[in-house]
file target-v8.txt (compact mmCIF, C-alpha atoms)
# COMPACT_ATOMS: atom_id res chain seq x y z
CA MET I 1 121.73 145.63 183.15
CA ILE I 2 121.31 143.13 185.96
CA ARG I 3 121.55 144.57 189.44
CA ILE I 4 122.62 142.26 192.27
CA ASN I 5 121.39 143.01 195.74
CA LEU I 6 124.32 142.49 198.14
CA HIS I 7 121.99 141.60 201.00
CA SER I 8 120.29 138.95 198.85
CA LEU I 9 123.65 137.54 197.76
CA LEU I 10 124.80 137.21 201.36
CA SER I 11 121.53 135.53 202.22
CA VAL I 12 122.04 132.93 199.47
CA CYS I 13 125.61 132.25 200.56
CA GLY I 14 124.51 131.91 204.15
CA ALA I 15 121.83 129.44 203.13
CA ALA I 16 124.39 127.34 201.31
CA LEU I 17 126.69 127.30 204.31
CA LEU I 18 123.88 126.39 206.65
CA LEU I 19 122.37 123.77 204.35
CA ALA I 20 123.20 120.95 206.73
CA ALA I 21 121.39 122.79 209.51
CA CYS I 22 118.42 123.45 207.22
CA ASP I 23 117.79 119.76 206.62
CA GLY I 24 118.09 119.03 210.33
CA ARG I 25 121.38 117.15 210.41
CA PRO I 26 124.93 118.09 211.44
CA GLU I 27 127.64 118.06 208.82
CA GLY I 28 129.30 114.65 208.48
CA THR I 29 126.10 112.84 209.48
CA TRP I 30 123.75 111.30 206.94
CA GLN I 31 120.53 109.36 206.96
CA GLY I 32 120.54 105.97 205.27
CA TYR I 33 118.92 102.58 205.43
CA ALA I 34 119.92 98.94 205.74
CA GLU I 35 119.85 96.78 202.65
CA GLY I 36 120.43 93.06 202.07
CA GLU I 37 122.01 91.18 199.18
CA TYR I 38 119.88 88.05 199.02
CA VAL I 39 121.06 84.62 197.91
CA ARG I 40 118.33 83.18 195.70
CA VAL I 41 118.66 79.42 195.32
CA GLY I 42 117.07 77.59 192.38
CA PRO I 43 117.52 74.41 190.28
CA ILE I 44 119.50 74.04 187.05
CA ASP I 45 116.62 72.09 185.51
CA GLY I 46 112.90 72.50 185.98
CA GLY I 47 110.78 70.07 187.96
CA THR I 48 107.99 69.52 190.42
CA VAL I 49 108.72 70.64 193.97
CA ASP I 50 108.67 67.58 196.26
CA ALA I 51 109.67 69.18 199.55
CA ILE I 52 110.46 72.56 201.12
CA PRO I 53 111.59 71.91 204.71
CA VAL I 54 112.06 75.61 205.57
CA LYS I 55 109.78 78.60 206.02
CA ARG I 56 110.19 82.36 206.15
CA GLY I 57 112.15 83.53 209.17
CA ASP I 58 113.96 80.24 209.76
CA LYS I 59 117.63 80.43 210.71
CA VAL I 60 119.53 77.97 208.51
CA ALA I 61 123.09 76.69 208.78
CA ASP I 62 125.62 76.56 205.98
CA GLY I 63 124.65 73.75 203.58
CA ALA I 64 121.11 73.33 204.96
CA LEU I 65 118.52 71.74 202.66
CA LEU I 66 116.14 74.36 201.26
CA PHE I 67 114.12 72.40 198.70
CA GLN I 68 113.97 69.13 196.80
CA LEU I 69 112.56 68.49 193.33
CA ASP I 70 111.24 65.23 191.86
CA GLN I 71 114.26 62.95 191.23
CA THR I 72 112.74 60.01 189.31
CA ALA I 73 114.49 60.63 185.98
CA GLU I 74 117.80 61.59 187.60
CA VAL I 75 117.88 58.49 189.81
CA ALA I 76 117.27 56.27 186.76
CA ALA I 77 120.01 58.05 184.80
CA GLN I 78 122.43 57.61 187.70
CA ALA I 79 121.69 53.87 187.92
CA GLN I 80 122.20 53.45 184.18
CA ALA I 81 125.49 55.36 184.25
CA ALA I 82 126.72 53.31 187.22
CA ALA I 83 125.92 50.06 185.38
CA GLN I 84 127.74 51.22 182.25
CA LEU I 85 130.78 52.15 184.29
CA ALA I 86 130.82 48.74 186.00
CA GLN I 87 130.66 47.03 182.62
CA ALA I 88 133.51 49.14 181.20
CA GLN I 89 135.65 48.48 184.27
CA SER I 90 135.04 44.74 184.03
CA THR I 91 136.08 44.70 180.37
CA TYR I 92 139.22 46.67 181.16
CA ARG I 93 140.22 44.36 184.03
CA ASN I 94 139.58 41.31 181.87
CA LEU I 95 141.93 42.58 179.16
CA LEU I 96 144.65 43.17 181.73
CA LYS I 97 144.43 39.66 183.20
CA GLY I 98 144.34 37.49 180.08
CA LEU I 99 142.44 34.17 180.18
CA ARG I 100 140.84 32.84 183.33
CA ALA I 101 142.41 29.93 185.21
CA PRO I 102 139.84 27.33 183.99
CA GLU I 103 140.48 28.41 180.40
CA LEU I 104 144.24 28.05 180.89
CA GLU I 105 143.72 24.62 182.42
CA GLN I 106 141.71 23.58 179.40
CA ILE I 107 144.53 24.64 177.07
CA LYS I 108 147.07 22.77 179.20
CA ALA I 109 144.96 19.61 179.09
CA ALA I 110 144.65 19.87 175.31
CA ARG I 111 148.39 20.40 175.06
CA ALA I 112 149.07 17.30 177.16
CA SER I 113 146.80 15.30 174.88
CA ALA I 114 148.54 16.71 171.82
CA ALA I 115 151.94 15.88 173.30
CA ALA I 116 150.85 12.26 173.91
CA ASN I 117 149.61 12.05 170.33
CA LEU I 118 152.93 13.46 169.12
CA GLN I 119 154.82 10.77 171.04
CA LYS I 120 152.62 8.04 169.54
CA THR I 121 152.87 9.35 165.98
CA SER I 122 156.64 9.74 166.35
CA LEU I 123 156.94 6.05 167.34
CA ASP I 124 154.68 5.06 164.45
CA TYR I 125 156.83 7.02 162.04
CA THR I 126 160.04 5.47 163.37
CA ARG I 127 158.52 1.99 163.04
CA ALA I 128 157.32 2.79 159.51
CA GLN I 129 160.85 3.89 158.54
CA LYS I 130 162.28 0.51 159.61
CA LEU I 131 159.54 -1.42 157.84
CA PHE I 132 160.01 0.62 154.71
CA ALA I 133 163.77 -0.02 154.81
CA ASN I 134 163.09 -3.78 154.94
CA GLY I 135 160.54 -3.51 152.15
CA ASN I 136 157.59 -4.40 154.36
CA VAL I 137 155.54 -1.20 153.83
CA SER I 138 154.94 1.04 150.90
CA LYS I 139 156.25 4.53 150.39
CA ALA I 140 152.69 5.84 150.84
CA ALA I 141 152.43 4.26 154.30
CA LEU I 142 155.71 5.87 155.30
CA ASP I 143 154.55 9.28 154.06
CA SER I 144 151.26 8.90 155.94
CA ALA I 145 153.05 8.14 159.22
CA LYS I 146 155.33 11.14 158.69
CA ALA I 147 152.35 13.43 158.02
CA ALA I 148 150.61 12.23 161.19
CA ARG I 149 153.73 12.96 163.24
CA ASP I 150 154.15 16.43 161.71
CA ALA I 151 150.47 17.28 162.37
CA ALA I 152 150.79 16.20 166.00
CA ALA I 153 153.93 18.33 166.37
CA ALA I 154 152.13 21.35 164.86
CA SER I 155 149.22 20.85 167.26
CA VAL I 156 151.61 20.90 170.20
CA ARG I 157 153.23 24.10 168.96
CA GLU I 158 149.83 25.73 168.45
CA LEU I 159 148.71 24.92 171.97
CA ASP I 160 152.03 26.14 173.38
CA ALA I 161 151.41 29.46 171.63
CA LYS I 162 147.85 29.63 172.96
CA LEU I 163 149.10 28.97 176.47
CA VAL I 164 151.64 31.80 176.24
CA THR I 165 149.06 34.19 174.76
CA GLY I 166 146.46 33.20 177.32
CA GLU I 167 148.78 34.15 180.17
CA LEU I 168 149.39 37.61 178.67
CA ALA I 169 147.15 40.68 178.66
CA ALA I 170 145.38 41.85 175.53
CA ARG I 171 147.05 44.01 172.90
CA GLN I 172 147.96 47.52 174.03
CA ASP I 173 145.57 49.23 171.64
CA GLU I 174 142.68 47.14 173.03
CA ILE I 175 143.73 48.01 176.58
CA ASP I 176 143.93 51.73 175.71
CA ALA I 177 140.47 51.64 174.14
CA ALA I 178 139.03 49.90 177.21
CA GLU I 179 140.68 52.44 179.53
CA ALA I 180 139.21 55.31 177.51
CA ALA I 181 135.78 53.68 177.76
CA VAL I 182 136.15 53.54 181.55
CA LYS I 183 137.00 57.26 181.69
CA ALA I 184 134.05 58.14 179.47
CA ALA I 185 131.66 56.08 181.59
CA GLN I 186 133.03 57.71 184.75
CA GLY I 187 132.36 61.13 183.24
CA VAL I 188 128.76 60.18 182.46
CA LEU I 189 128.29 58.93 186.02
CA ASP I 190 129.81 62.10 187.48
CA GLN I 191 127.43 64.20 185.43
CA ALA I 192 124.47 62.05 186.50
CA ASN I 193 125.49 62.40 190.15
CA TRP I 194 125.84 66.16 189.76
CA ARG I 195 122.43 66.51 188.13
CA LEU I 196 120.89 64.38 190.88
CA SER I 197 122.53 66.53 193.56
CA ARG I 198 121.18 69.67 191.90
CA ARG I 199 117.64 68.41 192.36
CA GLU I 200 118.20 69.59 195.90
CA GLY I 201 118.89 73.20 196.85
CA HIS I 202 121.26 73.90 199.74
CA THR I 203 122.16 77.29 201.15
CA PRO I 204 125.79 78.26 200.42
CA GLN I 205 125.91 80.39 203.57
CA ALA I 206 124.24 80.43 206.96
CA GLY I 207 121.51 83.02 207.25
CA THR I 208 117.79 83.74 207.52
CA VAL I 209 115.17 82.47 205.09
CA GLU I 210 113.65 85.67 203.70
CA ASP I 211 111.13 84.23 201.27
CA VAL I 212 109.77 80.98 199.82
CA TYR I 213 108.43 81.41 196.29
CA PHE I 214 106.84 77.98 195.71
CA ARG I 215 104.70 75.38 197.41
CA VAL I 216 105.03 71.59 197.29
CA GLY I 217 103.51 70.24 194.08
CA GLU I 218 104.16 73.35 191.99
CA PHE I 219 106.44 73.30 188.95
CA ALA I 220 109.60 75.41 189.05
CA ASN I 221 111.38 76.33 185.85
CA ALA I 222 115.13 76.02 185.37
CA THR I 223 117.17 78.66 187.29
CA GLN I 224 113.97 80.02 188.86
CA PRO I 225 114.59 80.88 192.54
CA ILE I 226 112.63 78.75 195.00
CA VAL I 227 114.02 80.05 198.30
CA SER I 228 115.94 83.23 199.14
CA VAL I 229 118.32 83.48 202.08
CA LEU I 230 119.95 86.54 203.62
CA PRO I 231 123.35 85.80 205.18
CA PRO I 232 124.19 88.37 207.88
CA GLU I 233 127.45 89.26 206.16
CA ASN I 234 125.39 90.38 203.13
CA ILE I 235 123.73 93.20 205.07
CA LYS I 236 124.99 96.70 204.28
CA VAL I 237 123.99 100.29 204.96
CA ARG I 238 123.31 102.58 202.01
CA PHE I 239 123.43 106.34 202.54
CA PHE I 240 123.71 109.52 200.48
CA VAL I 241 126.42 112.15 200.76
CA PRO I 242 125.72 115.71 199.51
CA GLU I 243 128.11 116.91 196.86
CA PRO I 244 129.74 119.61 199.09
CA GLU I 245 130.72 116.92 201.64
CA LEU I 246 131.91 114.30 199.14
CA GLY I 247 135.56 115.36 199.38
CA GLY I 248 135.70 114.29 203.03
CA VAL I 249 134.41 110.78 202.42
CA HIS I 250 136.61 107.96 201.07
CA VAL I 251 136.41 104.24 200.46
CA GLY I 252 137.89 102.55 203.52
CA ASP I 253 136.72 105.20 205.98
CA THR I 254 135.12 104.01 209.20
CA VAL I 255 131.64 105.32 210.03
CA SER I 256 129.43 105.06 213.09
CA LEU I 257 126.07 103.38 212.57
CA ALA I 258 123.03 103.96 214.75
CA CYS I 259 119.43 102.90 214.54
CA ASP I 260 116.44 102.60 216.83
CA GLY I 261 116.83 99.56 219.06
CA CYS I 262 120.34 98.76 217.82
CA PRO I 263 123.27 98.22 220.21
CA ALA I 264 125.45 101.25 220.81
CA GLY I 265 128.88 101.61 219.28
CA LEU I 266 128.20 99.90 215.93
CA THR I 267 130.63 100.77 213.17
CA GLY I 268 131.05 100.04 209.50
CA ARG I 269 133.56 100.52 206.74
CA ILE I 270 132.81 102.27 203.46
CA ARG I 271 133.39 99.93 200.53
CA PHE I 272 131.73 101.80 197.72
CA ILE I 273 131.01 105.40 196.67
CA SER I 274 129.06 105.98 193.48
CA SER I 275 130.78 107.92 190.71
CA GLN I 276 127.47 109.31 189.48
CA ALA I 277 125.40 111.96 191.19
CA GLU I 278 121.64 111.78 191.72
CA PHE I 279 118.97 113.99 193.22
CA THR I 280 118.19 113.80 196.90
CA PRO I 281 115.87 110.83 197.54
CA PRO I 282 112.72 112.28 199.16
CA VAL I 283 112.49 109.32 201.55
CA ILE I 284 115.90 110.19 203.02
CA TYR I 285 115.63 113.91 203.70
CA SER I 286 112.81 116.03 205.07
CA GLU I 287 110.32 117.87 202.93
CA GLN I 288 112.00 121.14 203.83
CA SER I 289 115.28 120.03 202.24
CA GLN I 290 115.91 121.64 198.87
CA ALA I 291 116.65 119.32 195.95
CA LYS I 292 120.39 118.91 195.51
CA LEU I 293 122.91 116.44 194.13
CA VAL I 294 124.06 113.58 196.34
CA TYR I 295 126.29 110.54 195.88
CA MET I 296 125.25 107.10 197.02
CA ALA I 297 127.69 105.27 199.31
CA GLU I 298 127.67 101.86 201.00
CA ALA I 299 129.13 100.85 204.35
CA TRP I 300 129.37 97.28 205.61
CA PRO I 301 128.95 96.68 209.34
CA GLU I 302 132.15 95.46 210.96
CA LYS I 303 130.36 93.64 213.78
CA THR I 304 126.83 92.42 214.50
CA PRO I 305 125.42 92.93 210.98
CA GLU I 306 122.31 91.00 212.02
CA ALA I 307 121.39 94.01 214.22
CA PHE I 308 120.21 95.75 211.03
CA HIS I 309 117.10 94.81 209.09
CA PRO I 310 116.69 95.61 205.38
CA GLY I 311 114.72 98.82 204.95
CA GLN I 312 115.45 100.02 208.49
CA PRO I 313 116.53 103.70 208.75
CA VAL I 314 120.14 104.08 209.89
CA ARG I 315 122.05 107.20 210.94
CA VAL I 316 125.57 107.29 209.54
CA SER I 317 128.30 109.59 210.78
CA LEU I 318 131.94 109.84 209.82
CA ARG I 319 134.33 108.90 212.61
CA LYS I 320 137.10 111.40 213.14
CA ALA I 321 140.68 110.16 213.05
CA GLN I 322 142.08 109.62 216.55
call {"tool": "encode", "arguments": {"input": "target-v8.txt", "output": "structure tokens"}}
result
Amino acid sequence: MIRINLHSLLSVCGAALLLAACDGRPEGTWQGYAEGEYVRVGPIDGGTVDAIPVKRGDKVADGALLFQLDQTAEVAAQAQAAAQLAQAQSTYRNLLKGLRAPELEQIKAARASAAANLQKTSLDYTRAQKLFANGNVSKAALDSAKAARDAAAASVRELDAKLVTGELAARQDEIDAAEAAVKAAQGVLDQANWRLSRREGHTPQAGTVEDVYFRVGEFANATQPIVSVLPPENIKVRFFVPEPELGGVHVGDTVSLACDGCPAGLTGRIRFISSQAEFTPPVIYSEQSQAKLVYMAEAWPEKTPEAFHPGQPVRVSLRKAQ
């Protein structure tokens, strides 16, 4: 039989109720630390680092240049793509316009010459008809004059057709093919421009340069971060709530944040509470604190997030509803 000592039981219960006092903190107040979500900027393709105009601790604006890789191959590809696009556009415009003015003038001159020849051969044929009627020329001579007139007439008709065709655009299927070639060349140029632009790394947000991983002349692999930046809005406070106090903490609650050297009156809003419990981190509570289950939570400063530095201890307390 197990005997329970009432005095011991009361002592255990009292210890549980006074647990917050045992670890040196009032209920509703927790110890945490600041943490940053870094933006690590790297290239899409590997290459030799040509320039890094920033250093650790620099304040950089949105879109600031962080690094530049060797661009020799990308510049050549861009120039080639631009030339191919210009050629495709020229072909397309040429098909839309038809023949050039000098070419049309040449056809018109040939047509005028053919028309003059038609007039001459028509007169010759008329004269041959009269001579043949009087018996002065043979039937072969008459047929020859007629053939010459018909050939001159056909030449005039041919040049008339060339003149009409020359003033028109090309066939629609040729125009469609040329237009498709222009679009394809534009796509190649856009890709070349994009790849060239990605040889430079720019910060997507203003912030502080936290680290530079390479030096000029070193080779960086594809997607390998070269510079990391910490935007102030990416700074949060992580803290741990004991299981008995978890019911009083909710996502969206406002908490007070305090740290050594920080301005007074800083607040934050809880955005995340872990659904899984973990043991008390020894770096958060004192050595006298007994091991117990806690839940990690994160609060994001509402104002002046740059007042906190990653790794800095922060005291978090739940603000009571007014």
call {"tool": "residues_around", "arguments": {"input": "target-v8.txt", "residues": "I:Ile52", "least_positions_apart": "2", "cutoff": "6 Å", "atoms": "all atoms listed in the file", "output": "list in words"}}
result
Val54, Leu66 and Phe67 of chain I
call {"tool": "residues_around", "arguments": {"input": "target-v8.txt", "residues": "stretch 299-315 of chain I", "least_positions_apart": "6", "cutoff": "7 Å", "atoms": "only C-alpha atoms", "output": "count of residues only"}}
result
23
call {"tool": "closest_residue", "arguments": {"input": "target-v8.txt", "among": "I:Gln80, I:Gln68, I:Gly63, I:Glu27", "to": "I:Asn193", "atoms": "only C-alpha atoms"}}
result
I:Gln80
call {"tool": "closest_residue", "arguments": {"input": "target-v8.txt", "among": "I:Glu179, I:Glu298, I:Asp253, I:Glu37", "to": "I:Ala88", "atoms": "only C-alpha atoms"}}
result
I:Glu179
call {"tool": "atom_distance", "arguments": {"input": "target-v8.txt", "atom1": "atom CA of I:Asp176", "atom2": "atom CA of I:Lys97"}}
result
14.2 Å
call {"tool": "closest_residue", "arguments": {"input": "target-v8.txt", "among": "I:Tyr125, I:Val156, I:Thr208, I:Ser274", "to": "I:Lys139", "atoms": "all atoms listed in the file"}}
result
I:Tyr125
call {"tool": "atom_distance", "arguments": {"input": "target-v8.txt", "atom1": "atom CA of I:Asp211", "atom2": "atom CA of I:Gln224"}}
result
13.4 Å
call {"tool": "residues_around", "arguments": {"input": "target-v8.txt", "residues": "I:Tyr295", "least_positions_apart": "4", "cutoff": "6 Å", "atoms": "all atoms listed in the file", "output": "MDAnalysis selection string"}}
result
chainID I and resid 240:241 274 277
call {"tool": "closest_residue", "arguments": {"input": "target-v8.txt", "among": "I:Ala152, I:Ala77, I:Ala177, I:Ile107", "to": "I:Leu95", "atoms": "all atoms listed in the file"}}
result
I:Ala177
call {"tool": "atom_distance", "arguments": {"input": "target-v8.txt", "atom1": "atom CA of I:Gln89", "atom2": "atom CA of I:Arg198"}}
result
26.8 Å
call {"tool": "closest_residue", "arguments": {"input": "target-v8.txt", "among": "I:Asn136, I:Ser144, I:Pro263, I:Phe214", "to": "I:Asp124", "atoms": "all atoms listed in the file"}}
result
I:Ser144
call {"tool": "closest_residue", "arguments": {"input": "target-v8.txt", "among": "I:Leu230, I:Leu189, I:Val137, I:Met296", "to": "I:Val60", "atoms": "all atoms listed in the file"}}
result
I:Leu230
call {"tool": "residues_around", "arguments": {"input": "target-v8.txt", "residues": "stretch 42-44 of chain I", "least_positions_apart": "2", "cutoff": "6 Å", "atoms": "all atoms listed in the file", "output": "NGL selection string"}}
result
:I and (222-226)
call {"tool": "axis_aligned_box", "arguments": {"input": "target-v8.txt", "around": "stretch 32-37 of chain I", "padding_each_side": "4 Å", "output": "JSON"}}
result
{"center_x": 120.5, "center_y": 98.6, "center_z": 202.5, "size_x": 11.1, "size_y": 22.8, "size_z": 14.6}
call {"tool": "build_atoms", "arguments": {"input": "target-v8.txt", "residues": "stretch 219-254 of chain I", "atoms": "N, CA and C atoms", "output": "PDB file, in the coordinates of the input"}}
result
ATOM      1  N   PHE I 219     105.343  73.523 189.885  1.00  0.00           N
ATOM      2  CA  PHE I 219     106.440  73.300 188.950  1.00  0.00           C
ATOM      3  C   PHE I 219     107.327  74.527 188.893  1.00  0.00           C
ATOM      4  N   ALA I 220     108.622  74.321 189.116  1.00  0.00           N
ATOM      5  CA  ALA I 220     109.600  75.410 189.050  1.00  0.00           C
ATOM      6  C   ALA I 220     110.422  75.270 187.784  1.00  0.00           C
ATOM      7  N   ASN I 221     110.575  76.351 187.056  1.00  0.00           N
ATOM      8  CA  ASN I 221     111.380  76.330 185.850  1.00  0.00           C
ATOM      9  C   ASN I 221     112.875  76.358 186.183  1.00  0.00           C
ATOM     10  N   ALA I 222     113.681  76.015 185.187  1.00  0.00           N
ATOM     11  CA  ALA I 222     115.130  76.020 185.370  1.00  0.00           C
ATOM     12  C   ALA I 222     115.603  77.405 185.783  1.00  0.00           C
ATOM     13  N   THR I 223     116.525  77.446 186.746  1.00  0.00           N
ATOM     14  CA  THR I 223     117.170  78.660 187.290  1.00  0.00           C
ATOM     15  C   THR I 223     116.187  79.577 188.003  1.00  0.00           C
ATOM     16  N   GLN I 224     114.943  79.176 188.173  1.00  0.00           N
ATOM     17  CA  GLN I 224     113.970  80.020 188.860  1.00  0.00           C
ATOM     18  C   GLN I 224     114.150  79.883 190.375  1.00  0.00           C
ATOM     19  N   PRO I 225     114.372  80.985 191.092  1.00  0.00           N
ATOM     20  CA  PRO I 225     114.590  80.880 192.540  1.00  0.00           C
ATOM     21  C   PRO I 225     113.393  80.261 193.245  1.00  0.00           C
ATOM     22  N   ILE I 226     113.680  79.375 194.194  1.00  0.00           N
ATOM     23  CA  ILE I 226     112.630  78.750 195.000  1.00  0.00           C
ATOM     24  C   ILE I 226     112.657  79.302 196.421  1.00  0.00           C
ATOM     25  N   VAL I 227     113.865  79.515 196.947  1.00  0.00           N
ATOM     26  CA  VAL I 227     114.020  80.050 198.300  1.00  0.00           C
ATOM     27  C   VAL I 227     115.107  81.129 198.268  1.00  0.00           C
ATOM     28  N   SER I 228     114.893  82.209 199.010  1.00  0.00           N
ATOM     29  CA  SER I 228     115.940  83.230 199.140  1.00  0.00           C
ATOM     30  C   SER I 228     116.392  83.288 200.596  1.00  0.00           C
ATOM     31  N   VAL I 229     117.703  83.456 200.756  1.00  0.00           N
ATOM     32  CA  VAL I 229     118.320  83.480 202.080  1.00  0.00           C
ATOM     33  C   VAL I 229     119.161  84.756 202.198  1.00  0.00           C
ATOM     34  N   LEU I 230     119.128  85.358 203.369  1.00  0.00           N
ATOM     35  CA  LEU I 230     119.950  86.540 203.620  1.00  0.00           C
ATOM     36  C   LEU I 230     121.018  86.205 204.652  1.00  0.00           C
ATOM     37  N   PRO I 231     122.264  85.987 204.215  1.00  0.00           N
ATOM     38  CA  PRO I 231     123.350  85.800 205.180  1.00  0.00           C
ATOM     39  C   PRO I 231     123.640  87.128 205.887  1.00  0.00           C
ATOM     40  N   PRO I 232     123.956  87.104 207.169  1.00  0.00           N
ATOM     41  CA  PRO I 232     124.190  88.370 207.880  1.00  0.00           C
ATOM     42  C   PRO I 232     125.326  89.183 207.290  1.00  0.00           C
ATOM     43  N   GLU I 233     126.333  88.507 206.731  1.00  0.00           N
ATOM     44  CA  GLU I 233     127.450  89.260 206.160  1.00  0.00           C
ATOM     45  C   GLU I 233     127.072  89.965 204.854  1.00  0.00           C
ATOM     46  N   ASN I 234     125.861  89.706 204.345  1.00  0.00           N
ATOM     47  CA  ASN I 234     125.390  90.380 203.130  1.00  0.00           C
ATOM     48  C   ASN I 234     124.544  91.612 203.439  1.00  0.00           C
ATOM     49  N   ILE I 235     124.497  92.012 204.694  1.00  0.00           N
ATOM     50  CA  ILE I 235     123.730  93.200 205.070  1.00  0.00           C
ATOM     51  C   ILE I 235     124.664  94.423 205.036  1.00  0.00           C
ATOM     52  N   LYS I 236     124.200  95.475 204.402  1.00  0.00           N
ATOM     53  CA  LYS I 236     124.990  96.700 204.280  1.00  0.00           C
ATOM     54  C   LYS I 236     124.103  97.897 204.579  1.00  0.00           C
ATOM     55  N   VAL I 237     124.719  99.049 204.717  1.00  0.00           N
ATOM     56  CA  VAL I 237     123.990 100.290 204.960  1.00  0.00           C
ATOM     57  C   VAL I 237     124.260 101.221 203.776  1.00  0.00           C
ATOM     58  N   ARG I 238     123.203 101.664 203.152  1.00  0.00           N
ATOM     59  CA  ARG I 238     123.310 102.580 202.010  1.00  0.00           C
ATOM     60  C   ARG I 238     122.910 103.984 202.479  1.00  0.00           C
ATOM     61  N   PHE I 239     123.734 104.958 202.142  1.00  0.00           N
ATOM     62  CA  PHE I 239     123.430 106.340 202.540  1.00  0.00           C
ATOM     63  C   PHE I 239     123.880 107.284 201.426  1.00  0.00           C
ATOM     64  N   PHE I 240     123.494 108.552 201.557  1.00  0.00           N
ATOM     65  CA  PHE I 240     123.710 109.520 200.480  1.00  0.00           C
ATOM     66  C   PHE I 240     124.460 110.732 201.014  1.00  0.00           C
ATOM     67  N   VAL I 241     125.550 111.047 200.328  1.00  0.00           N
ATOM     68  CA  VAL I 241     126.420 112.150 200.760  1.00  0.00           C
ATOM     69  C   VAL I 241     126.212 113.341 199.828  1.00  0.00           C
ATOM     70  N   PRO I 242     125.855 114.513 200.359  1.00  0.00           N
ATOM     71  CA  PRO I 242     125.720 115.710 199.510  1.00  0.00           C
ATOM     72  C   PRO I 242     127.033 116.049 198.828  1.00  0.00           C
ATOM     73  N   GLU I 243     126.928 116.610 197.668  1.00  0.00           N
ATOM     74  CA  GLU I 243     128.110 116.910 196.860  1.00  0.00           C
ATOM     75  C   GLU I 243     129.132 117.778 197.598  1.00  0.00           C
ATOM     76  N   PRO I 244     128.726 118.786 198.390  1.00  0.00           N
ATOM     77  CA  PRO I 244     129.740 119.610 199.090  1.00  0.00           C
ATOM     78  C   PRO I 244     130.556 118.810 200.102  1.00  0.00           C
ATOM     79  N   GLU I 245     130.021 117.697 200.614  1.00  0.00           N
ATOM     80  CA  GLU I 245     130.720 116.920 201.640  1.00  0.00           C
ATOM     81  C   GLU I 245     131.453 115.704 201.068  1.00  0.00           C
ATOM     82  N   LEU I 246     131.354 115.516 199.745  1.00  0.00           N
ATOM     83  CA  LEU I 246     131.910 114.300 199.140  1.00  0.00           C
ATOM     84  C   LEU I 246     133.423 114.216 199.298  1.00  0.00           C
ATOM     85  N   GLY I 247     134.104 115.374 199.287  1.00  0.00           N
ATOM     86  CA  GLY I 247     135.560 115.360 199.380  1.00  0.00           C
ATOM     87  C   GLY I 247     136.078 114.807 200.690  1.00  0.00           C
ATOM     88  N   GLY I 248     135.257 114.786 201.734  1.00  0.00           N
ATOM     89  CA  GLY I 248     135.700 114.290 203.030  1.00  0.00           C
ATOM     90  C   GLY I 248     135.364 112.840 203.278  1.00  0.00           C
ATOM     91  N   VAL I 249     134.822 112.173 202.263  1.00  0.00           N
ATOM     92  CA  VAL I 249     134.410 110.780 202.420  1.00  0.00           C
ATOM     93  C   VAL I 249     135.197 109.921 201.437  1.00  0.00           C
ATOM     94  N   HIS I 250     135.773 108.802 201.920  1.00  0.00           N
ATOM     95  CA  HIS I 250     136.610 107.960 201.070  1.00  0.00           C
ATOM     96  C   HIS I 250     136.303 106.480 201.318  1.00  0.00           C
ATOM     97  N   VAL I 251     136.521 105.691 200.289  1.00  0.00           N
ATOM     98  CA  VAL I 251     136.410 104.240 200.460  1.00  0.00           C
ATOM     99  C   VAL I 251     137.447 103.785 201.487  1.00  0.00           C
ATOM    100  N   GLY I 252     137.014 103.000 202.441  1.00  0.00           N
ATOM    101  CA  GLY I 252     137.890 102.550 203.520  1.00  0.00           C
ATOM    102  C   GLY I 252     137.705 103.297 204.810  1.00  0.00           C
ATOM    103  N   ASP I 253     136.981 104.436 204.752  1.00  0.00           N
ATOM    104  CA  ASP I 253     136.720 105.200 205.980  1.00  0.00           C
ATOM    105  C   ASP I 253     135.806 104.404 206.906  1.00  0.00           C
ATOM    106  N   THR I 254     135.988 104.620 208.199  1.00  0.00           N
ATOM    107  CA  THR I 254     135.120 104.010 209.200  1.00  0.00           C
ATOM    108  C   THR I 254     134.019 104.976 209.579  1.00  0.00           C
TER     109      THR I 254
END
